[in-house]
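A.B. asks: Handing over target_30.csv, CSV, N, CA and C atoms.
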chain,number,residue,atom,x,y,z
A,1,MET,N,97.6,-12.6,-132.6
A,1,MET,CA,98.2,-13.4,-131.6
A,1,MET,C,97.7,-13.0,-130.2
A,2,ASP,N,97.0,-13.9,-129.5
A,2,ASP,CA,96.5,-13.5,-128.1
A,2,ASP,C,97.5,-13.9,-127.1
A,3,ASP,N,97.2,-13.7,-125.8
A,3,ASP,CA,98.2,-13.9,-124.7
A,3,ASP,C,98.6,-15.3,-124.6
A,4,PHE,N,97.8,-16.3,-125.0
A,4,PHE,CA,98.1,-17.7,-124.8
A,4,PHE,C,99.0,-18.2,-125.9
A,5,ASP,N,99.1,-17.4,-127.0
A,5,ASP,CA,100.0,-17.8,-128.1
A,5,ASP,C,101.4,-17.3,-128.0
A,6,GLN,N,101.7,-16.5,-127.0
A,6,GLN,CA,103.0,-16.0,-126.7
A,6,GLN,C,103.9,-17.1,-126.2
A,7,PRO,N,105.2,-17.0,-126.5
A,7,PRO,CA,106.1,-17.9,-125.9
A,7,PRO,C,106.2,-17.7,-124.4
A,8,PRO,N,106.5,-18.8,-123.6
A,8,PRO,CA,106.6,-18.6,-122.2
A,8,PRO,C,107.6,-17.5,-121.8
A,9,GLY,N,107.2,-16.7,-120.9
A,9,GLY,CA,108.1,-15.6,-120.5
A,9,GLY,C,107.6,-15.1,-119.2
A,10,LEU,N,108.0,-13.9,-118.8
A,10,LEU,CA,107.6,-13.3,-117.5
A,10,LEU,C,106.1,-13.2,-117.4
A,11,PRO,N,105.3,-12.7,-118.4
A,11,PRO,CA,103.9,-12.6,-118.2
A,11,PRO,C,103.2,-14.0,-117.8
A,12,CYS,N,103.7,-15.1,-118.5
A,12,CYS,CA,103.1,-16.4,-118.2
A,12,CYS,C,103.5,-16.8,-116.8
A,13,VAL,N,104.8,-16.6,-116.4
A,13,VAL,CA,105.2,-16.9,-115.1
A,13,VAL,C,104.4,-16.2,-114.0
A,14,LEU,N,104.2,-14.9,-114.2
A,14,LEU,CA,103.4,-14.1,-113.3
A,14,LEU,C,102.0,-14.6,-113.2
A,15,LEU,N,101.4,-14.9,-114.4
A,15,LEU,CA,100.0,-15.5,-114.4
A,15,LEU,C,99.9,-16.8,-113.7
A,16,THR,N,100.9,-17.7,-113.9
A,16,THR,CA,100.9,-19.0,-113.2
A,16,THR,C,101.1,-18.8,-111.7
A,17,TYR,N,102.0,-17.8,-111.3
A,17,TYR,CA,102.1,-17.5,-109.9
A,17,TYR,C,100.9,-17.0,-109.3
A,18,ARG,N,100.2,-16.1,-110.0
A,18,ARG,CA,98.9,-15.5,-109.5
A,18,ARG,C,97.9,-16.5,-109.4
A,19,ILE,N,97.7,-17.5,-110.3
A,19,ILE,CA,96.7,-18.6,-110.2
A,19,ILE,C,97.1,-19.5,-109.0
A,20,ALA,N,98.3,-19.8,-108.9
A,20,ALA,CA,98.7,-20.7,-107.7
A,20,ALA,C,98.5,-19.9,-106.4
A,21,SER,N,98.7,-18.6,-106.4
A,21,SER,CA,98.5,-17.9,-105.2
A,21,SER,C,97.0,-17.8,-104.8
A,22,LEU,N,96.2,-17.7,-105.8
A,22,LEU,CA,94.7,-17.7,-105.6
A,22,LEU,C,94.3,-19.0,-105.1
A,23,MET,N,94.8,-20.1,-105.6
A,23,MET,CA,94.5,-21.4,-105.1
A,23,MET,C,95.0,-21.6,-103.7
A,24,ASP,N,96.2,-21.1,-103.4
A,24,ASP,CA,96.7,-21.2,-102.0
A,24,ASP,C,95.8,-20.4,-101.1
A,25,ASP,N,95.4,-19.2,-101.5
A,25,ASP,CA,94.5,-18.4,-100.7
A,25,ASP,C,93.2,-19.1,-100.4
A,26,SER,N,92.7,-19.7,-101.4
A,26,SER,CA,91.4,-20.4,-101.3
A,26,SER,C,91.5,-21.6,-100.3
A,27,GLY,N,92.6,-22.3,-100.4
A,27,GLY,CA,92.9,-23.4,-99.5
A,27,GLY,C,93.2,-23.0,-98.1
A,28,ARG,N,93.9,-21.8,-98.0
A,28,ARG,CA,94.2,-21.3,-96.7
A,28,ARG,C,92.9,-20.8,-96.0
A,29,GLN,N,92.1,-20.1,-96.8
A,29,GLN,CA,90.8,-19.7,-96.2
A,29,GLN,C,89.9,-20.8,-95.7
A,30,GLU,N,89.9,-21.9,-96.5
A,30,GLU,CA,89.2,-23.1,-96.1
A,30,GLU,C,89.7,-23.6,-94.8
A,31,ARG,N,91.0,-23.7,-94.7
A,31,ARG,CA,91.7,-24.2,-93.5
A,31,ARG,C,91.4,-23.3,-92.3
A,32,ILE,N,91.4,-21.9,-92.5
A,32,ILE,CA,91.1,-21.0,-91.4
A,32,ILE,C,89.6,-21.3,-90.9
A,33,GLU,N,88.7,-21.4,-91.9
A,33,GLU,CA,87.3,-21.7,-91.5
A,33,GLU,C,87.2,-23.0,-90.7
A,34,GLU,N,87.9,-24.0,-91.2
A,34,GLU,CA,87.9,-25.3,-90.5
A,34,GLU,C,88.4,-25.2,-89.1
A,35,LEU,N,89.5,-24.5,-88.9
A,35,LEU,CA,90.1,-24.3,-87.6
A,35,LEU,C,89.2,-23.5,-86.7
A,36,ARG,N,88.6,-22.4,-87.2
A,36,ARG,CA,87.6,-21.6,-86.5
A,36,ARG,C,86.5,-22.5,-86.0
A,37,LYS,N,86.0,-23.4,-86.8
A,37,LYS,CA,84.9,-24.3,-86.5
A,37,LYS,C,85.3,-25.2,-85.3
A,38,ARG,N,86.5,-25.7,-85.4
A,38,ARG,CA,87.0,-26.5,-84.3
A,38,ARG,C,87.2,-25.7,-83.0
A,39,VAL,N,87.7,-24.5,-83.1
A,39,VAL,CA,87.8,-23.7,-81.9
A,39,VAL,C,86.4,-23.5,-81.3
A,40,ASN,N,85.4,-23.2,-82.1
A,40,ASN,CA,84.0,-23.0,-81.6
A,40,ASN,C,83.5,-24.3,-80.9
A,41,GLU,N,83.8,-25.4,-81.5
A,41,GLU,CA,83.4,-26.7,-80.9
A,41,GLU,C,84.1,-26.9,-79.5
A,42,VAL,N,85.3,-26.6,-79.4
A,42,VAL,CA,86.1,-26.7,-78.2
A,42,VAL,C,85.5,-25.7,-77.2
A,43,ASP,N,85.2,-24.5,-77.6
A,43,ASP,CA,84.6,-23.5,-76.7
A,43,ASP,C,83.3,-24.0,-76.1
A,44,CYS,N,82.5,-24.6,-76.9
A,44,CYS,CA,81.2,-25.2,-76.4
A,44,CYS,C,81.5,-26.3,-75.4
A,45,GLU,N,82.4,-27.1,-75.7
A,45,GLU,CA,82.8,-28.2,-74.8
A,45,GLU,C,83.3,-27.6,-73.4
A,46,LEU,N,84.1,-26.6,-73.5
A,46,LEU,CA,84.7,-25.9,-72.3
A,46,LEU,C,83.5,-25.4,-71.4
A,47,VAL,N,82.6,-24.7,-72.1
A,47,VAL,CA,81.5,-24.2,-71.3
A,47,VAL,C,80.7,-25.3,-70.6
A,48,ARG,N,80.4,-26.4,-71.4
A,48,ARG,CA,79.7,-27.5,-70.8
A,48,ARG,C,80.5,-28.1,-69.6
A,49,ILE,N,81.8,-28.3,-69.8
A,49,ILE,CA,82.6,-28.9,-68.7
A,49,ILE,C,82.7,-28.0,-67.5
A,50,LEU,N,82.9,-26.7,-67.7
A,50,LEU,CA,83.0,-25.8,-66.6
A,50,LEU,C,81.7,-25.7,-65.8
A,51,ASN,N,80.6,-25.8,-66.5
A,51,ASN,CA,79.3,-25.8,-65.7
A,51,ASN,C,79.1,-27.1,-65.0
A,52,GLU,N,79.6,-28.2,-65.6
A,52,GLU,CA,79.5,-29.5,-64.9
A,52,GLU,C,80.4,-29.5,-63.7
A,53,ARG,N,81.6,-28.9,-63.8
A,53,ARG,CA,82.5,-28.8,-62.6
A,53,ARG,C,81.8,-27.9,-61.5
A,54,ALA,N,81.2,-26.9,-61.9
A,54,ALA,CA,80.5,-26.0,-60.9
A,54,ALA,C,79.4,-26.8,-60.2
A,55,ARG,N,78.6,-27.5,-61.0
A,55,ARG,CA,77.5,-28.3,-60.3
A,55,ARG,C,78.1,-29.3,-59.4
A,56,ILE,N,79.2,-30.0,-59.7
A,56,ILE,CA,79.8,-31.0,-58.8
A,56,ILE,C,80.3,-30.3,-57.6
A,57,VAL,N,80.9,-29.1,-57.7
A,57,VAL,CA,81.4,-28.4,-56.5
A,57,VAL,C,80.2,-28.0,-55.7
A,58,GLN,N,79.1,-27.6,-56.3
A,58,GLN,CA,78.0,-27.2,-55.5
A,58,GLN,C,77.5,-28.4,-54.7
A,59,GLU,N,77.4,-29.5,-55.3
A,59,GLU,CA,77.0,-30.7,-54.5
A,59,GLU,C,78.0,-31.1,-53.4
A,60,LEU,N,79.3,-31.0,-53.8
A,60,LEU,CA,80.3,-31.3,-52.8
A,60,LEU,C,80.2,-30.3,-51.6
A,61,SER,N,79.9,-29.0,-51.9
A,61,SER,CA,79.7,-28.0,-50.8
A,61,SER,C,78.6,-28.4,-49.9
A,62,THR,N,77.5,-28.8,-50.5
A,62,THR,CA,76.3,-29.2,-49.7
A,62,THR,C,76.7,-30.4,-48.7
A,63,HIS,N,77.4,-31.4,-49.2
A,63,HIS,CA,77.8,-32.5,-48.4
A,63,HIS,C,78.8,-32.0,-47.3
A,64,LYS,N,79.7,-31.1,-47.7
A,64,LYS,CA,80.7,-30.6,-46.7
A,64,LYS,C,79.9,-29.9,-45.6
A,65,LEU,N,78.9,-29.0,-46.0
A,65,LEU,CA,78.2,-28.3,-45.0
A,65,LEU,C,77.5,-29.2,-44.0
A,66,GLU,N,76.8,-30.2,-44.6
A,66,GLU,CA,76.1,-31.2,-43.7
A,66,GLU,C,77.0,-32.0,-42.8
A,67,ALA,N,78.3,-32.2,-43.3
A,67,ALA,CA,79.2,-32.9,-42.4
A,67,ALA,C,80.0,-32.0,-41.5
A,68,GLY,N,79.8,-30.7,-41.6
A,68,GLY,CA,80.5,-29.8,-40.8
A,68,GLY,C,82.0,-29.6,-41.2
A,69,VAL,N,82.3,-30.0,-42.4
A,69,VAL,CA,83.7,-29.9,-42.9
A,69,VAL,C,83.9,-28.5,-43.6
A,70,PRO,N,85.0,-27.8,-43.3
A,70,PRO,CA,85.3,-26.5,-44.0
A,70,PRO,C,85.2,-26.6,-45.5
A,71,LEU,N,84.6,-25.6,-46.1
A,71,LEU,CA,84.4,-25.6,-47.5
A,71,LEU,C,85.7,-25.4,-48.3
A,72,PHE,N,86.5,-24.5,-47.7
A,72,PHE,CA,87.8,-24.2,-48.4
A,72,PHE,C,88.9,-24.9,-47.8
A,73,ASP,N,89.6,-25.6,-48.6
A,73,ASP,CA,90.8,-26.4,-48.2
A,73,ASP,C,92.0,-26.0,-49.1
A,74,PRO,N,92.8,-25.1,-48.5
A,74,PRO,CA,94.0,-24.6,-49.3
A,74,PRO,C,94.9,-25.7,-49.8
A,75,LYS,N,95.1,-26.8,-49.0
A,75,LYS,CA,95.9,-27.9,-49.4
A,75,LYS,C,95.3,-28.6,-50.6
A,76,ARG,N,94.0,-28.8,-50.6
A,76,ARG,CA,93.4,-29.5,-51.7
A,76,ARG,C,93.5,-28.6,-53.0
A,77,GLU,N,93.4,-27.3,-52.8
A,77,GLU,CA,93.5,-26.4,-54.0
A,77,GLU,C,94.9,-26.4,-54.6
A,78,GLU,N,95.9,-26.5,-53.7
A,78,GLU,CA,97.3,-26.6,-54.2
A,78,GLU,C,97.5,-27.9,-54.9
A,79,GLU,N,96.9,-29.0,-54.3
A,79,GLU,CA,97.0,-30.3,-54.9
A,79,GLU,C,96.4,-30.3,-56.3
A,80,ILE,N,95.3,-29.6,-56.5
A,80,ILE,CA,94.7,-29.5,-57.8
A,80,ILE,C,95.6,-28.8,-58.8
A,81,LEU,N,96.2,-27.7,-58.3
A,81,LEU,CA,97.0,-26.9,-59.2
A,81,LEU,C,98.3,-27.6,-59.6
A,82,ARG,N,98.9,-28.4,-58.6
A,82,ARG,CA,100.0,-29.2,-59.0
A,82,ARG,C,99.7,-30.3,-60.0
A,83,LYS,N,98.5,-30.9,-59.8
A,83,LYS,CA,98.1,-31.9,-60.7
A,83,LYS,C,97.9,-31.4,-62.1
A,84,VAL,N,97.3,-30.2,-62.2
A,84,VAL,CA,97.0,-29.5,-63.5
A,84,VAL,C,98.4,-29.3,-64.2
A,85,ALA,N,99.4,-28.8,-63.5
A,85,ALA,CA,100.7,-28.6,-64.1
A,85,ALA,C,101.3,-29.9,-64.5
A,86,ASP,N,101.1,-30.9,-63.7
A,86,ASP,CA,101.7,-32.2,-64.1
A,86,ASP,C,101.0,-32.8,-65.3
A,87,LEU,N,99.8,-32.6,-65.5
A,87,LEU,CA,99.0,-33.1,-66.7
A,87,LEU,C,99.3,-32.3,-67.9
A,88,ASN,N,99.8,-31.1,-67.8
A,88,ASN,CA,100.0,-30.2,-68.9
A,88,ASN,C,101.0,-30.7,-69.9
A,89,GLU,N,100.6,-30.8,-71.1
A,89,GLU,CA,101.5,-31.2,-72.2
A,89,GLU,C,101.8,-30.1,-73.2
A,90,GLY,N,101.3,-28.9,-72.8
A,90,GLY,CA,101.6,-27.7,-73.6
A,90,GLY,C,100.7,-27.6,-74.8
A,91,PRO,N,100.7,-26.5,-75.5
A,91,PRO,CA,101.7,-25.4,-75.5
A,91,PRO,C,101.5,-24.4,-74.4
A,92,ILE,N,100.5,-24.5,-73.6
A,92,ILE,CA,100.2,-23.5,-72.5
A,92,ILE,C,101.3,-23.7,-71.5
A,93,TYR,N,101.9,-22.7,-71.0
A,93,TYR,CA,102.9,-22.8,-69.9
A,93,TYR,C,102.2,-23.3,-68.6
A,94,ASP,N,102.9,-24.0,-67.8
A,94,ASP,CA,102.4,-24.5,-66.5
A,94,ASP,C,101.9,-23.4,-65.7
A,95,SER,N,102.6,-22.3,-65.6
A,95,SER,CA,102.2,-21.1,-64.8
A,95,SER,C,100.9,-20.5,-65.3
A,96,SER,N,100.8,-20.5,-66.6
A,96,SER,CA,99.5,-19.9,-67.2
A,96,SER,C,98.4,-20.8,-66.9
A,97,LEU,N,98.6,-22.1,-67.0
A,97,LEU,CA,97.5,-23.1,-66.7
A,97,LEU,C,97.1,-23.0,-65.3
A,98,ARG,N,98.1,-22.9,-64.4
A,98,ARG,CA,97.7,-22.7,-63.0
A,98,ARG,C,96.9,-21.5,-62.7
A,99,ASP,N,97.3,-20.4,-63.4
A,99,ASP,CA,96.5,-19.1,-63.3
A,99,ASP,C,95.0,-19.3,-63.8
A,100,ILE,N,94.9,-20.0,-64.9
A,100,ILE,CA,93.6,-20.3,-65.4
A,100,ILE,C,92.7,-21.1,-64.4
A,101,PHE,N,93.3,-22.1,-63.9
A,101,PHE,CA,92.6,-23.0,-62.9
A,101,PHE,C,92.3,-22.3,-61.6
A,102,GLU,N,93.2,-21.4,-61.2
A,102,GLU,CA,93.0,-20.6,-60.0
A,102,GLU,C,91.7,-19.8,-60.2
A,103,LEU,N,91.7,-19.1,-61.4
A,103,LEU,CA,90.5,-18.3,-61.7
A,103,LEU,C,89.2,-19.1,-61.7
A,104,ILE,N,89.3,-20.3,-62.3
A,104,ILE,CA,88.1,-21.2,-62.4
A,104,ILE,C,87.7,-21.5,-61.0
A,105,MET,N,88.6,-21.9,-60.1
A,105,MET,CA,88.2,-22.3,-58.8
A,105,MET,C,87.7,-21.1,-58.0
A,106,HIS,N,88.3,-20.0,-58.1
A,106,HIS,CA,87.8,-18.8,-57.4
A,106,HIS,C,86.4,-18.4,-57.9
A,107,ARG,N,86.2,-18.4,-59.2
A,107,ARG,CA,84.8,-18.0,-59.7
A,107,ARG,C,83.8,-19.0,-59.3
A,108,ILE,N,84.1,-20.3,-59.2
A,108,ILE,CA,83.1,-21.3,-58.8
A,108,ILE,C,82.9,-21.1,-57.3
A,109,ARG,N,83.9,-20.7,-56.5
A,109,ARG,CA,83.8,-20.4,-55.1
A,109,ARG,C,82.9,-19.2,-55.0
A,110,ASP,N,83.0,-18.2,-55.9
A,110,ASP,CA,82.1,-17.0,-55.8
A,110,ASP,C,80.6,-17.5,-55.9
A,111,LEU,N,80.3,-18.5,-56.6
A,111,LEU,CA,78.9,-19.0,-56.7
A,111,LEU,C,78.5,-19.4,-55.3
A,112,GLU,N,79.4,-20.0,-54.5
A,112,GLU,CA,79.0,-20.5,-53.2
A,112,GLU,C,78.8,-19.2,-52.3
A,113,VAL,N,79.6,-18.2,-52.5
A,113,VAL,CA,79.4,-17.0,-51.7
A,113,VAL,C,78.1,-16.4,-52.1
A,114,GLN,N,77.7,-16.4,-53.3
A,114,GLN,CA,76.4,-15.8,-53.7
A,114,GLN,C,75.3,-16.7,-53.1
A,115,ARG,N,75.5,-18.0,-52.9
A,115,ARG,CA,74.5,-18.8,-52.3
A,115,ARG,C,74.5,-18.7,-50.8
A,116,GLY,N,75.5,-17.9,-50.3
A,116,GLY,CA,75.6,-17.7,-48.8
A,116,GLY,C,76.1,-18.9,-48.1
A,117,GLU,N,76.8,-19.8,-48.7
A,117,GLU,CA,77.3,-21.0,-48.1
A,117,GLU,C,78.8,-20.9,-47.8
A,118,PHE,N,79.5,-19.9,-48.2
A,118,PHE,CA,80.9,-19.9,-48.1
A,118,PHE,C,81.3,-18.5,-47.5
A,119,GLN,N,82.1,-18.5,-46.5
A,119,GLN,CA,82.7,-17.3,-46.0
A,119,GLN,C,84.2,-17.2,-46.4
A,120,ARG,N,84.5,-16.1,-47.0
A,120,ARG,CA,85.9,-15.9,-47.4
A,120,ARG,C,86.8,-15.8,-46.3
Let's see the structure in the file written out as structure tokens.

C.D. replies:
Amino acid sequence: MDDFDQPPGLPCVLLTYRIASLMDDSGRQERIEELRKRVNEVDCELVRILNERARIVQELSTHKLEAGVPLFDPKREEEILRKVADLNEGPIYDSSLRDIFELIMHRIRDLEVQRGEFQR
């Protein structure tokens, strides 16, 4: 009599559980890989969009310089931060999103400093 001829009992239940667990692990691993792929795609899009934002700000800075308008406008920066918080649907906290955008704006401003067009 081999293992499959035995009446159902604890060994069969454990074997069934182990097979189901392996199937769950396989499906879980596939889902992990799928989600990682989506994160990578979003990261690529973020890089593209951040660079596009920087190029737009560079062009805006050029026009402001030609017009004699100050490059840094604290009211405009606060307006952007308020709008970001208003647009936020979560799960990122509003305060965290504001921090992220402040960093983005400051780093893009650093590009202008490096170009010699902006005085802090």

A.B. asks: Identify, on the basis of only C-alpha atoms, every residue whose closest approach to Ser61 (chain A) does not exceed 9 Å; exclude the query and any residue fewer than 2 positions from it along the same chain; express the result as a list in words.

C.D. replies: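 Listing them by chain and then by number gives Ile56, Val57, Gln58, Glu59, His63, Lys64, Leu65, Glu66, Pro70, Leu71, Glu112, Glu117 and Phe118 of chain A.
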
A.B. asks: Mind giving me the straight-line distance from atom C of Val84 (chain A) to CA of Leu103 (chain A) in Å, one decimal?

C.D. replies: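 Here the two named atoms are 13.8 Å from each other.
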
A.B. asks: Just the number, please: distance in Å from CA of Ala54 (chain A) to CA of Asp110 (chain A), one decimal.

C.D. replies: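 CA of Asp110 (chain A) lies at a distance of 10.5 Å from CA of Ala54 (chain A).
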
A.B. asks: Would you work out the distance separating CA of Pro91 (chain A) from CA of Gln29 (chain A), expressed in Å to one decimal?

C.D. replies: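 If I compute the distance from CA of Pro91 (chain A) to CA of Gln29 (chain A), I get 24.1 Å.
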
A.B. asks: Could you check the closest approach to Ala85 (chain A) for each of A:Asp24, A:Glu34, A:Asp99, A:Glu52 and tell me which residue wins, using only C-alpha atoms?

C.D. replies: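 Once distances to Ala85 (chain A) are computed over only C-alpha atoms, the minimum belongs to A:Asp99.
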